[in-house]
Each structure stands twice: as structure tokens, then as C-alpha cells.
file start.pdb (PDB, C-alpha atoms and all ligand atoms)
ATOM      1  CA  MET M   1       0.000   0.000   0.000
ATOM      2  CA  PRO M   2       1.470   3.429  -0.855
ATOM      3  CA  GLN M   3       2.250   5.668   2.101
ATOM      4  CA  LEU M   4      -0.270   8.429   2.791
ATOM      5  CA  ILE M   5       1.027  11.954   3.246
ATOM      6  CA  ALA M   6      -1.788  14.061   4.678
ATOM      7  CA  GLY M   7      -1.647  17.836   5.039
ATOM      8  CA  ASN M   8      -3.623  19.285   7.925
ATOM      9  CA  TRP M   9      -3.926  22.949   7.048
ATOM     10  CA  LYS M  10      -5.719  23.743  10.322
ATOM     11  CA  MET M  11      -7.130  27.317  10.375
ATOM     12  CA  HIS M  12      -4.813  28.798   7.771
ATOM     13  CA  GLY M  13      -5.302  30.608   4.505
ATOM     14  CA  LEU M  14      -7.960  32.421   2.518
ATOM     15  CA  THR M  15      -9.477  30.995  -0.667
ATOM     16  CA  THR M  16      -6.741  32.251  -2.981
ATOM     17  CA  ASP M  17      -4.034  30.782  -0.717
ATOM     18  CA  ALA M  18      -5.863  27.451  -0.511
ATOM     19  CA  VAL M  19      -6.325  27.186  -4.268
ATOM     20  CA  ALA M  20      -2.701  28.150  -4.979
ATOM     21  CA  LEU M  21      -1.434  25.604  -2.446
ATOM     22  CA  ALA M  22      -3.691  22.863  -3.820
ATOM     23  CA  ARG M  23      -2.657  23.609  -7.411
ATOM     24  CA  GLY M  24       1.006  23.597  -6.438
ATOM     25  CA  VAL M  25       0.696  20.246  -4.701
ATOM     26  CA  ALA M  26      -1.333  18.765  -7.559
ATOM     27  CA  ALA M  27       1.274  19.909 -10.083
ATOM     28  CA  GLY M  28       3.978  18.013  -8.192
ATOM     29  CA  ALA M  29       1.924  14.938  -7.383
ATOM     30  CA  ALA M  30       2.284  13.039 -10.646
ATOM     31  CA  GLY M  31       4.662  10.125 -10.435
ATOM     32  CA  LEU M  32       4.962  10.127  -6.639
ATOM     33  CA  ALA M  33       4.944   6.785  -4.871
ATOM     34  CA  SER M  34       2.849   8.208  -2.022
ATOM     35  CA  GLU M  35      -0.796   9.220  -1.885
ATOM     36  CA  LEU M  36      -1.403  12.877  -1.075
ATOM     37  CA  LEU M  37      -4.315  14.176   0.966
ATOM     38  CA  LEU M  38      -5.126  17.826   1.619
ATOM     39  CA  CYS M  39      -7.339  18.806   4.561
ATOM     40  CA  PRO M  40      -8.204  22.491   4.241
ATOM     41  CA  PRO M  41     -10.579  24.465   6.485
ATOM     42  CA  PHE M  42     -14.238  23.615   5.735
ATOM     43  CA  VAL M  43     -14.907  26.725   3.705
ATOM     44  CA  HIS M  44     -12.130  25.904   1.237
ATOM     45  CA  ILE M  45     -12.978  22.243   0.631
ATOM     46  CA  ALA M  46     -15.057  22.814  -2.491
ATOM     47  CA  ALA M  47     -12.480  25.150  -4.050
ATOM     48  CA  VAL M  48      -9.620  22.780  -3.232
ATOM     49  CA  ALA M  49     -11.574  19.787  -4.583
ATOM     50  CA  GLN M  50     -12.114  21.743  -7.790
ATOM     51  CA  ALA M  51      -8.434  22.735  -7.968
ATOM     52  CA  VAL M  52      -7.235  19.111  -7.743
ATOM     53  CA  LEU M  53      -9.961  17.631  -9.946
ATOM     54  CA  GLY M  54      -8.557  15.081 -12.379
ATOM     55  CA  THR M  55      -5.374  14.555 -10.338
ATOM     56  CA  SER M  56      -4.570  11.867  -7.777
ATOM     57  CA  VAL M  57      -4.704  14.323  -4.854
ATOM     58  CA  LEU M  58      -7.340  13.529  -2.232
ATOM     59  CA  VAL M  59      -9.325  16.026  -0.163
ATOM     60  CA  GLY M  60     -10.517  15.772   3.423
ATOM     61  CA  GLY M  61     -12.093  17.698   6.278
ATOM     62  CA  GLN M  62     -10.587  18.336   9.708
ATOM     63  CA  ASP M  63     -13.637  17.393  11.787
ATOM     64  CA  CYS M  64     -17.335  16.563  11.467
ATOM     65  CA  HIS M  65     -20.396  16.400  13.687
ATOM     66  CA  PRO M  66     -21.773  12.948  14.583
ATOM     67  CA  ALA M  67     -25.297  13.843  13.387
ATOM     68  CA  LYS M  68     -26.293  13.973   9.729
ATOM     69  CA  GLN M  69     -28.117  17.256  10.217
ATOM     70  CA  GLY M  70     -29.899  19.212  12.918
ATOM     71  CA  ALA M  71     -29.839  22.227  15.204
ATOM     72  CA  HIS M  72     -26.063  22.377  15.716
ATOM     73  CA  THR M  73     -24.990  25.949  15.137
ATOM     74  CA  GLY M  74     -21.576  26.236  13.561
ATOM     75  CA  ASP M  75     -21.110  22.513  12.997
ATOM     76  CA  ILE M  76     -20.612  20.602   9.748
ATOM     77  CA  SER M  77     -21.908  17.088   9.099
ATOM     78  CA  ALA M  78     -20.110  14.230   7.380
ATOM     79  CA  PRO M  79     -22.552  14.224   4.404
ATOM     80  CA  MET M  80     -21.854  17.963   3.988
ATOM     81  CA  LEU M  81     -18.118  17.260   3.784
ATOM     82  CA  ARG M  82     -18.762  14.562   1.210
ATOM     83  CA  ASP M  83     -21.033  16.889  -0.732
ATOM     84  CA  ALA M  84     -18.346  19.586  -0.769
ATOM     85  CA  GLY M  85     -15.866  17.182  -2.361
ATOM     86  CA  ALA M  86     -14.103  15.532   0.582
ATOM     87  CA  SER M  87     -13.517  11.802   0.780
ATOM     88  CA  TRP M  88     -11.521  11.787   4.031
ATOM     89  CA  VAL M  89     -11.799  13.397   7.454
ATOM     90  CA  ILE M  90      -9.402  13.888  10.382
ATOM     91  CA  LEU M  91     -11.114  13.086  13.688
ATOM     92  CA  GLY M  92     -10.067  13.400  17.316
ATOM     93  CA  HIS M  93      -7.098  15.657  16.627
ATOM     94  CA  SER M  94      -5.536  16.705  19.930
ATOM     95  CA  GLU M  95      -6.480  20.336  19.217
ATOM     96  CA  ARG M  96     -10.136  19.208  19.050
ATOM     97  CA  ARG M  97      -9.754  17.037  22.133
ATOM     98  CA  GLN M  98      -8.084  19.883  24.087
ATOM     99  CA  ASN M  99      -9.826  23.000  22.767
ATOM    100  CA  HIS M 100     -13.296  21.520  22.282
ATOM    101  CA  GLY M 101     -13.368  18.914  25.025
ATOM    102  CA  GLU M 102     -13.817  16.008  22.608
ATOM    103  CA  THR M 103     -13.940  12.636  24.330
ATOM    104  CA  ASP M 104     -13.085   9.212  22.943
ATOM    105  CA  GLU M 105     -16.796   8.414  22.874
ATOM    106  CA  LEU M 106     -17.608  11.490  20.794
ATOM    107  CA  VAL M 107     -14.744  10.697  18.425
ATOM    108  CA  ARG M 108     -16.135   7.171  18.007
ATOM    109  CA  GLU M 109     -19.572   8.587  17.125
ATOM    110  CA  LYS M 110     -17.944  10.890  14.591
ATOM    111  CA  VAL M 111     -16.075   7.960  13.049
ATOM    112  CA  LEU M 112     -19.369   6.095  12.582
ATOM    113  CA  ALA M 113     -20.945   9.170  10.999
ATOM    114  CA  ALA M 114     -17.966   9.666   8.699
ATOM    115  CA  VAL M 115     -17.940   6.065   7.491
ATOM    116  CA  ALA M 116     -21.723   6.122   6.974
ATOM    117  CA  ALA M 117     -21.255   9.169   4.746
ATOM    118  CA  GLY M 118     -18.559   7.461   2.678
ATOM    119  CA  LEU M 119     -15.594   9.253   4.236
ATOM    120  CA  THR M 120     -12.393   7.543   5.355
ATOM    121  CA  PRO M 121     -11.539   8.705   8.880
ATOM    122  CA  ILE M 122      -8.050   9.410  10.229
ATOM    123  CA  VAL M 123      -8.355   9.027  13.989
ATOM    124  CA  CYS M 124      -5.670  10.826  16.003
ATOM    125  CA  VAL M 125      -4.276   9.547  19.282
ATOM    126  CA  GLY M 126      -1.325  10.693  21.364
ATOM    127  CA  GLU M 127      -0.108  11.514  24.829
ATOM    128  CA  THR M 128       0.727  14.867  26.429
ATOM    129  CA  SER M 129       4.209  15.674  27.723
ATOM    130  CA  ASP M 130       3.032  15.166  31.329
ATOM    131  CA  GLN M 131       1.647  11.750  30.483
ATOM    132  CA  ARG M 132       4.926  10.793  28.819
ATOM    133  CA  ALA M 133       6.938  12.198  31.720
ATOM    134  CA  SER M 134       5.020   9.935  34.081
ATOM    135  CA  GLY M 135       5.487   6.908  31.828
ATOM    136  CA  GLU M 136       1.798   6.608  30.938
ATOM    137  CA  GLU M 137       2.102   7.118  27.187
ATOM    138  CA  THR M 138       1.240   3.613  26.051
ATOM    139  CA  GLU M 139      -1.594   3.292  28.550
ATOM    140  CA  VAL M 140      -3.103   6.591  27.371
ATOM    141  CA  VAL M 141      -2.844   5.662  23.708
ATOM    142  CA  GLY M 142      -4.270   2.186  24.410
ATOM    143  CA  TRP M 143      -7.322   3.729  26.052
ATOM    144  CA  GLN M 144      -7.756   6.246  23.245
ATOM    145  CA  LEU M 145      -7.692   3.432  20.675
ATOM    146  CA  ALA M 146     -10.153   1.335  22.656
ATOM    147  CA  GLY M 147     -12.523   4.278  23.127
ATOM    148  CA  SER M 148     -12.267   6.096  19.804
ATOM    149  CA  LEU M 149     -12.413   3.280  17.260
ATOM    150  CA  PRO M 150     -15.705   1.507  16.550
ATOM    151  CA  LYS M 151     -15.669  -2.188  15.686
ATOM    152  CA  PRO M 152     -15.308  -2.878  12.831
ATOM    153  CA  PHE M 153     -13.054   0.059  11.945
ATOM    154  CA  SER M 154     -12.302   1.037   8.371
ATOM    155  CA  GLY M 155      -9.922   3.938   8.521
ATOM    156  CA  VAL M 156      -6.481   5.092   9.498
ATOM    157  CA  VAL M 157      -4.905   5.818  12.895
ATOM    158  CA  ALA M 158      -2.478   8.716  13.358
ATOM    159  CA  TYR M 159      -0.096   8.721  16.309
ATOM    160  CA  GLU M 160       0.546  12.354  17.190
ATOM    161  CA  PRO M 161       2.321  12.983  20.486
ATOM    162  CA  VAL M 162       0.744  16.238  21.680
ATOM    163  CA  TRP M 163       4.114  17.634  22.766
ATOM    164  CA  ALA M 164       5.477  17.271  19.218
ATOM    165  CA  ILE M 165       2.647  19.136  17.451
ATOM    166  CA  GLY M 166       3.631  22.544  16.169
ATOM    167  CA  THR M 167       6.550  22.672  18.596
ATOM    168  CA  GLY M 168       9.394  21.659  16.297
ATOM    169  CA  LYS M 169      10.085  18.850  18.781
ATOM    170  CA  THR M 170       9.826  15.648  16.787
ATOM    171  CA  ALA M 171       9.546  12.380  18.599
ATOM    172  CA  THR M 172      12.773  10.401  18.256
ATOM    173  CA  GLU M 173      12.854   7.464  15.862
ATOM    174  CA  GLN M 174      12.973   5.271  18.942
ATOM    175  CA  ASP M 175       9.818   6.915  20.434
ATOM    176  CA  VAL M 176       7.942   6.479  17.166
ATOM    177  CA  ALA M 177       9.127   2.907  16.605
ATOM    178  CA  VAL M 178       8.133   1.857  20.128
ATOM    179  CA  MET M 179       4.718   3.520  19.973
ATOM    180  CA  HIS M 180       3.875   2.287  16.492
ATOM    181  CA  ALA M 181       4.792  -1.270  17.471
ATOM    182  CA  PHE M 182       2.572  -0.877  20.544
ATOM    183  CA  ILE M 183      -0.327   0.507  18.471
ATOM    184  CA  ARG M 184      -0.043  -2.341  15.960
ATOM    185  CA  GLU M 185      -0.062  -4.890  18.791
ATOM    186  CA  GLU M 186      -2.994  -3.166  20.469
ATOM    187  CA  LEU M 187      -4.992  -3.030  17.204
ATOM    188  CA  GLU M 188      -4.363  -6.721  16.637
ATOM    189  CA  ARG M 189      -5.461  -7.436  20.200
ATOM    190  CA  GLN M 190      -8.599  -5.303  19.829
ATOM    191  CA  PHE M 191      -9.504  -6.132  16.219
ATOM    192  CA  GLY M 192      -7.861  -9.467  15.428
ATOM    193  CA  THR M 193      -6.632  -9.887  11.851
ATOM    194  CA  GLU M 194      -8.345  -6.653  10.808
ATOM    195  CA  GLY M 195      -5.910  -4.855  13.139
ATOM    196  CA  GLU M 196      -2.919  -6.097  11.158
ATOM    197  CA  THR M 197      -3.654  -3.884   8.190
ATOM    198  CA  ILE M 198      -5.090  -0.652   9.635
ATOM    199  CA  PRO M 199      -2.654   1.965   8.286
ATOM    200  CA  LEU M 200      -0.745   4.002  10.891
ATOM    201  CA  LEU M 201       0.534   7.534  10.351
ATOM    202  CA  TYR M 202       2.991   9.548  12.417
ATOM    203  CA  GLY M 203       2.328  13.241  13.020
ATOM    204  CA  GLY M 204       4.123  15.968  14.964
ATOM    205  CA  SER M 205       6.673  18.373  13.470
ATOM    206  CA  VAL M 206       7.294  16.251  10.377
ATOM    207  CA  ARG M 207       9.655  18.177   8.088
ATOM    208  CA  PRO M 208      11.585  17.346   4.910
ATOM    209  CA  ALA M 209      14.695  16.836   7.066
ATOM    210  CA  ASN M 210      13.198  14.147   9.303
ATOM    211  CA  ALA M 211      10.569  12.639   6.986
ATOM    212  CA  GLY M 212      12.839  10.041   5.385
ATOM    213  CA  SER M 213      13.919   8.429   8.645
ATOM    214  CA  LEU M 214      10.430   8.559  10.211
ATOM    215  CA  LEU M 215       8.710   7.146   7.135
ATOM    216  CA  ALA M 216      11.191   4.267   6.956
ATOM    217  CA  LEU M 217      10.264   2.968  10.426
ATOM    218  CA  PRO M 218       8.297  -0.270  10.717
ATOM    219  CA  HIS M 219       4.506   0.186  10.954
ATOM    220  CA  VAL M 220       4.709   3.834   9.796
ATOM    221  CA  GLY M 221       2.377   4.031   6.814
ATOM    222  CA  GLY M 222       2.613   7.757   6.228
ATOM    223  CA  ALA M 223       2.586  11.154   7.889
ATOM    224  CA  LEU M 224       0.084  13.713   9.114
ATOM    225  CA  VAL M 225       1.737  17.045   8.477
ATOM    226  CA  GLY M 226       0.678  20.399   9.920
ATOM    227  CA  GLY M 227       3.021  23.380   9.502
ATOM    228  CA  ALA M 228       5.077  21.942   6.646
ATOM    229  CA  SER M 229       1.923  21.175   4.638
ATOM    230  CA  LEU M 230       1.365  24.901   4.135
ATOM    231  CA  LYS M 231       4.388  25.160   1.836
ATOM    232  CA  VAL M 232       4.214  23.355  -1.499
ATOM    233  CA  ASP M 233       7.953  22.617  -1.605
ATOM    234  CA  GLU M 234       8.106  21.244   1.913
ATOM    235  CA  PHE M 235       4.992  19.119   1.553
ATOM    236  CA  LEU M 236       6.208  17.655  -1.726
ATOM    237  CA  ALA M 237       9.671  17.036  -0.282
ATOM    238  CA  ILE M 238       8.031  15.042   2.527
ATOM    239  CA  ALA M 239       5.953  13.167  -0.040
ATOM    240  CA  ARG M 240       9.103  12.324  -2.008
ATOM    241  CA  ALA M 241      10.656  10.871   1.143
ATOM    242  CA  ALA M 242       7.826   8.362   1.419
ATOM    243  CA  THR M 243       8.509   4.711   0.744
ATOM    244  CA  VAL M 244       6.253   2.414  -1.234
TER     245      VAL M 244
HETATM  246  P1  LIG D 301       2.740  19.942  12.926
HETATM  247  O1  LIG D 301       1.202  19.482  13.135
HETATM  248  O2  LIG D 301       3.262  19.179  11.750
HETATM  249  O3  LIG D 301       2.661  21.415  12.691
HETATM  250  O4  LIG D 301       3.458  19.585  14.190
HETATM  251  C1  LIG D 301       0.819  18.134  12.981
HETATM  252  C2  LIG D 301      -0.664  17.995  13.249
HETATM  253  O5  LIG D 301      -1.182  18.663  14.146
HETATM  254  O6  LIG D 301      -1.361  17.209  12.579
END
call {"tool": "encode", "arguments": {"input": "start.pdb", "output": "C-alpha cells"}}
result
Amino acid sequence: MPQLIAGNWKMHGLTTDAVALARGVAAGAAGLASELLLCPPFVHIAAVAQAVLGTSVLVGGQDCHPAKQGAHTGDISAPMLRDAGASWVILGHSERRQNHGETDELVREKVLAAVAAGLTPIVCVGETSDQRASGEETEVVGWQLAGSLPKPFSGVVAYEPVWAIGTGKTATEQDVAVMHAFIREELERQFGTEGETIPLLYGGSVRPANAGSLLALPHVGGALVGGASLKVDEFLAIARAATV
């Protein structure tokens, strides 16, 4: 399976920036061994989907509501994302868990809604620096996996240590290797054979300089990229570092 390089644009850019970025990425996507996914802010999804039409670049949202529709001011449903041109969605990102109080249970409901709408979910898990300092990182991630993923689960898991997001502090190769091996084991324990093939991404200060070594680690099936996904050259350099 080709590695997936997903760009999480977070709350950055106006329409012209989004379209220029998407066009730039699409222009460099041909011939790459990896799959590229762009996750712009909601309001830019349709324009980005249009900009990458006819190319291999995929488009996703950064969150969705668990309900199909209803009185939920300011929220966006999974069918709305699909309608706007998305085929993927990031769920349970630590910024949603921290800033919006999202629980594992809510993330699980969102995953079900996403899959029902035809979206492939990327479910994020990861420990805080305090949890790692007290040696609880695997326990925390194990609980997040157990609580956030419905059974069966058809999607992708992204390991994103919270302390490595947007900080420039990348987890060491050793940290990533240990955690990805743990996640694989845990998925196999929780899901049986299905857990052997759920793709795993690493996220947290992935840059062109560290992408090659991170993407070569066992069980790492791609990267979830924040800051570096906002620059065409950097995002494509990361994508070129991907292995088949
Ligand atoms: P970063 O963000 O690459 O800027 O650390 C990663 C993410 O939050 O998905």
C-alpha cells in the first residue's frame, strides 16, 4: 500500500491561498509513490476539490459532527463534507480534544458518521508531555484506541504525540518505533486480523529533514503534516521521502 502523506492545514489561509497551495501540490503529485491528501478548512474544501480535480490528490475535512443534520450551530456534518468534495476526514485531533473537550466516545460517534457518509476517517491519538513524563504514554494511547475506534473500523490511525505538534520537537525514531509497534499490537489485540492492516501515520513536526527516517520505520504508513503542509515545496519534499 502506498504511504499516505496528509496535510492538515488547520485554520490557515484564505481561498486564494488554498487554491494556490492545492494547485502547487497537484502539479507536483504526478509520479509520486505516495498518496497525497489535503485537509483544508471547511470553507475551502469545495475550491480545493475543484483545484485538484482530475489529479490523484485527495481532499478531506478536519472534523465533522456525529449527526447527519440538525440544530447544531456552527457545525458541519459528514454528508456535507462529502457533498463539498471531501472523501476523508481527520477526527479526534488533539487540538479538538483539548480545545473543544472532545472525548473518545464522541470521536467514536464521529467515526461512525464519517464512514456512513462514505468518508475515510483518520483518527488521532497521542499523549501529552506530562503523560509521557510519568510513563503513561502507552496506557493513554491504548485507552484512546479502545474508546475512539468503533468495531469494525475502516480507517487510518495517526499517532501524534501532543508535545510534538507545532513545537518543532519531533519524537525520536525510537519513540515512534516503540509507539507504532505498541499501536499495531494493540490493534491486533482489539480487532484481530483486521488490526494487522489498519494503516498508521505519524504526526508531529514532520519536516523534509526528518521525513525520510520517520517514514522508513516499521509500521509507519505515512505522515500527518501540519506546519510543513502549508508550503508546497516542503509538503512535496516530505511526499518524495515516502517509501512504497
Ligand atoms: P505539525 O502538526 O506538523 O505542525 O506539528 C501536525 C498535526 O497537528 O497534525
call {"tool": "residues_around", "arguments": {"input": "start.pdb", "residues": "Leu230 of chain M", "least_positions_apart": "5", "cutoff": "8 Å", "atoms": "only C-alpha atoms", "output": "list in words"}}
result
Gly7, Trp9, Leu21 and Phe235 of chain M
call {"tool": "residues_near_point", "arguments": {"input": "start.pdb", "point": "(-14.0, 16.7, -7.8)", "cutoff": "12 Å", "atoms": "all atoms listed in the file", "output": "PyMOL selection string"}}
result
chain M and resi 45-60+82-87
call {"tool": "write_last_selection", "arguments": {"input": "start.pdb", "atoms": "C-alpha atoms", "output": "PDB file, in the coordinates of the input"}}
result
ATOM      1  CA  ILE M  45     -12.978  22.243   0.631  1.00  0.00           C
ATOM      2  CA  ALA M  46     -15.057  22.814  -2.491  1.00  0.00           C
ATOM      3  CA  ALA M  47     -12.480  25.150  -4.050  1.00  0.00           C
ATOM      4  CA  VAL M  48      -9.620  22.780  -3.232  1.00  0.00           C
ATOM      5  CA  ALA M  49     -11.574  19.787  -4.583  1.00  0.00           C
ATOM      6  CA  GLN M  50     -12.114  21.743  -7.790  1.00  0.00           C
ATOM      7  CA  ALA M  51      -8.434  22.735  -7.968  1.00  0.00           C
ATOM      8  CA  VAL M  52      -7.235  19.111  -7.743  1.00  0.00           C
ATOM      9  CA  LEU M  53      -9.961  17.631  -9.946  1.00  0.00           C
ATOM     10  CA  GLY M  54      -8.557  15.081 -12.379  1.00  0.00           C
ATOM     11  CA  THR M  55      -5.374  14.555 -10.338  1.00  0.00           C
ATOM     12  CA  SER M  56      -4.570  11.867  -7.777  1.00  0.00           C
ATOM     13  CA  VAL M  57      -4.704  14.323  -4.854  1.00  0.00           C
ATOM     14  CA  LEU M  58      -7.340  13.529  -2.232  1.00  0.00           C
ATOM     15  CA  VAL M  59      -9.325  16.026  -0.163  1.00  0.00           C
ATOM     16  CA  GLY M  60     -10.517  15.772   3.423  1.00  0.00           C
ATOM     17  CA  ARG M  82     -18.762  14.562   1.210  1.00  0.00           C
ATOM     18  CA  ASP M  83     -21.033  16.889  -0.732  1.00  0.00           C
ATOM     19  CA  ALA M  84     -18.346  19.586  -0.769  1.00  0.00           C
ATOM     20  CA  GLY M  85     -15.866  17.182  -2.361  1.00  0.00           C
ATOM     21  CA  ALA M  86     -14.103  15.532   0.582  1.00  0.00           C
ATOM     22  CA  SER M  87     -13.517  11.802   0.780  1.00  0.00           C
TER      23      SER M  87
END
call {"tool": "closest_residue", "arguments": {"input": "start.pdb", "among": "M:Thr73, M:Asn8, M:Gln3, M:Thr197", "to": "ligand LIG 301 (chain D)", "atoms": "only C-alpha atoms and all ligand atoms"}}
result
M:Asn8
call {"tool": "residues_near_ligand", "arguments": {"input": "start.pdb", "ligand": "ligand LIG 301 (chain D)", "cutoff": "7 Å", "atoms": "all atoms listed in the file", "output": "list in words"}}
result
Asn8, Glu160, Ala164, Ile165, Gly166, Thr167, Gly168, Gly203, Gly204, Ser205, Val206, Leu224, Val225, Gly226, Gly227 and Ala228 of chain M
call {"tool": "closest_residue", "arguments": {"input": "start.pdb", "among": "M:Ala78, M:Ala242, M:Gly28, M:Ala22", "to": "Phe42 of chain M", "atoms": "all atoms listed in the file"}}
result
M:Ala78
call {"tool": "residues_around", "arguments": {"input": "start.pdb", "residues": "Ala239 of chain M", "least_positions_apart": "2", "cutoff": "10 Å", "atoms": "all atoms listed in the file", "output": "ChimeraX atom specification"}}
result
/M:3-6,25,28-29,32-36,208,211-212,215,222-223,233-237,241-243
call {"tool": "resolve_selection", "arguments": {"input": "start.pdb", "expression": "the PyMOL selection byres (((chain M and resi 125-140) around 9) and not hetatm)", "output": "list in words"}}
result
Gly92, His93, Ser94, Val123, Cys124, Val141, Gly142, Trp143, Gln144, Leu145, Ser148, Val157, Ala158, Tyr159, Glu160, Pro161, Val162, Trp163, Ala164, Met179, Phe182 and Ile183 of chain M
call {"tool": "closest_residue", "arguments": {"input": "start.pdb", "among": "M:Glu109, M:Arg184, M:Ala116, M:Gly195", "to": "Gly147 of chain M", "atoms": "all atoms listed in the file"}}
result
M:Glu109
call {"tool": "atom_distance", "arguments": {"input": "start.pdb", "atom1": "atom CA of Lys110 of chain M", "atom2": "atom CA of His65 of chain M"}}
result
6.1 Å
call {"tool": "axis_aligned_box", "arguments": {"input": "start.pdb", "around": "segment 163-170 of chain M", "padding_each_side": "3 Å", "output": "lines of an AutoDock Vina configuration file"}}
result
center_x = 6.4
center_y = 19.2
center_z = 19.5
size_x = 13.4
size_y = 13.0
size_z = 12.6
call {"tool": "closest_residue", "arguments": {"input": "start.pdb", "among": "M:Gln174, M:Glu196, M:Glu185, M:Glu102", "to": "Leu214 of chain M", "atoms": "all atoms listed in the file"}}
result
M:Gln174
call {"tool": "closest_residue", "arguments": {"input": "start.pdb", "among": "M:Asn210, M:Gln62, M:Gln69, M:Thr193", "to": "Ala171 of chain M", "atoms": "only C-alpha atoms"}}
result
M:Asn210
call {"tool": "atom_distance", "arguments": {"input": "start.pdb", "atom1": "atom CA of Tyr202 of chain M", "atom2": "atom CA of Thr172 of chain M"}}
result
11.4 Å
call {"tool": "closest_residue", "arguments": {"input": "start.pdb", "among": "M:Leu187, M:Val43, M:Val178, M:Leu201", "to": "Ile90 of chain M", "atoms": "only C-alpha atoms"}}
result
M:Leu201
call {"tool": "residues_near_point", "arguments": {"input": "start.pdb", "point": "(-26.8, 10.8, 10.4)", "cutoff": "9 Å", "atoms": "all atoms listed in the file", "output": "list in words"}}
result
Pro66, Ala67, Lys68, Gln69, Ser77, Ala78, Pro79, Ala113, Ala116 and Ala117 of chain M
call {"tool": "resolve_selection", "arguments": {"input": "start.pdb", "expression": "the PyMOL selection byres (((chain M and resi 121) around 6) and not hetatm)", "output": "list in words"}}
result
Trp88, Val89, Ile90, Thr120, Ile122 and Gly155 of chain M
call {"tool": "write_last_selection", "arguments": {"input": "start.pdb", "atoms": "C-alpha atoms", "output": "PDB file, keeping the file's coordinate frame"}}
result
ATOM      1  CA  TRP M  88     -11.521  11.787   4.031  1.00  0.00           C
ATOM      2  CA  VAL M  89     -11.799  13.397   7.454  1.00  0.00           C
ATOM      3  CA  ILE M  90      -9.402  13.888  10.382  1.00  0.00           C
ATOM      4  CA  THR M 120     -12.393   7.543   5.355  1.00  0.00           C
ATOM      5  CA  ILE M 122      -8.050   9.410  10.229  1.00  0.00           C
ATOM      6  CA  GLY M 155      -9.922   3.938   8.521  1.00  0.00           C
TER       7      GLY M 155
END
call {"tool": "atom_distance", "arguments": {"input": "start.pdb", "atom1": "atom CA of Arg96 of chain M", "atom2": "atom CA of Ala216 of chain M"}}
result
28.7 Å
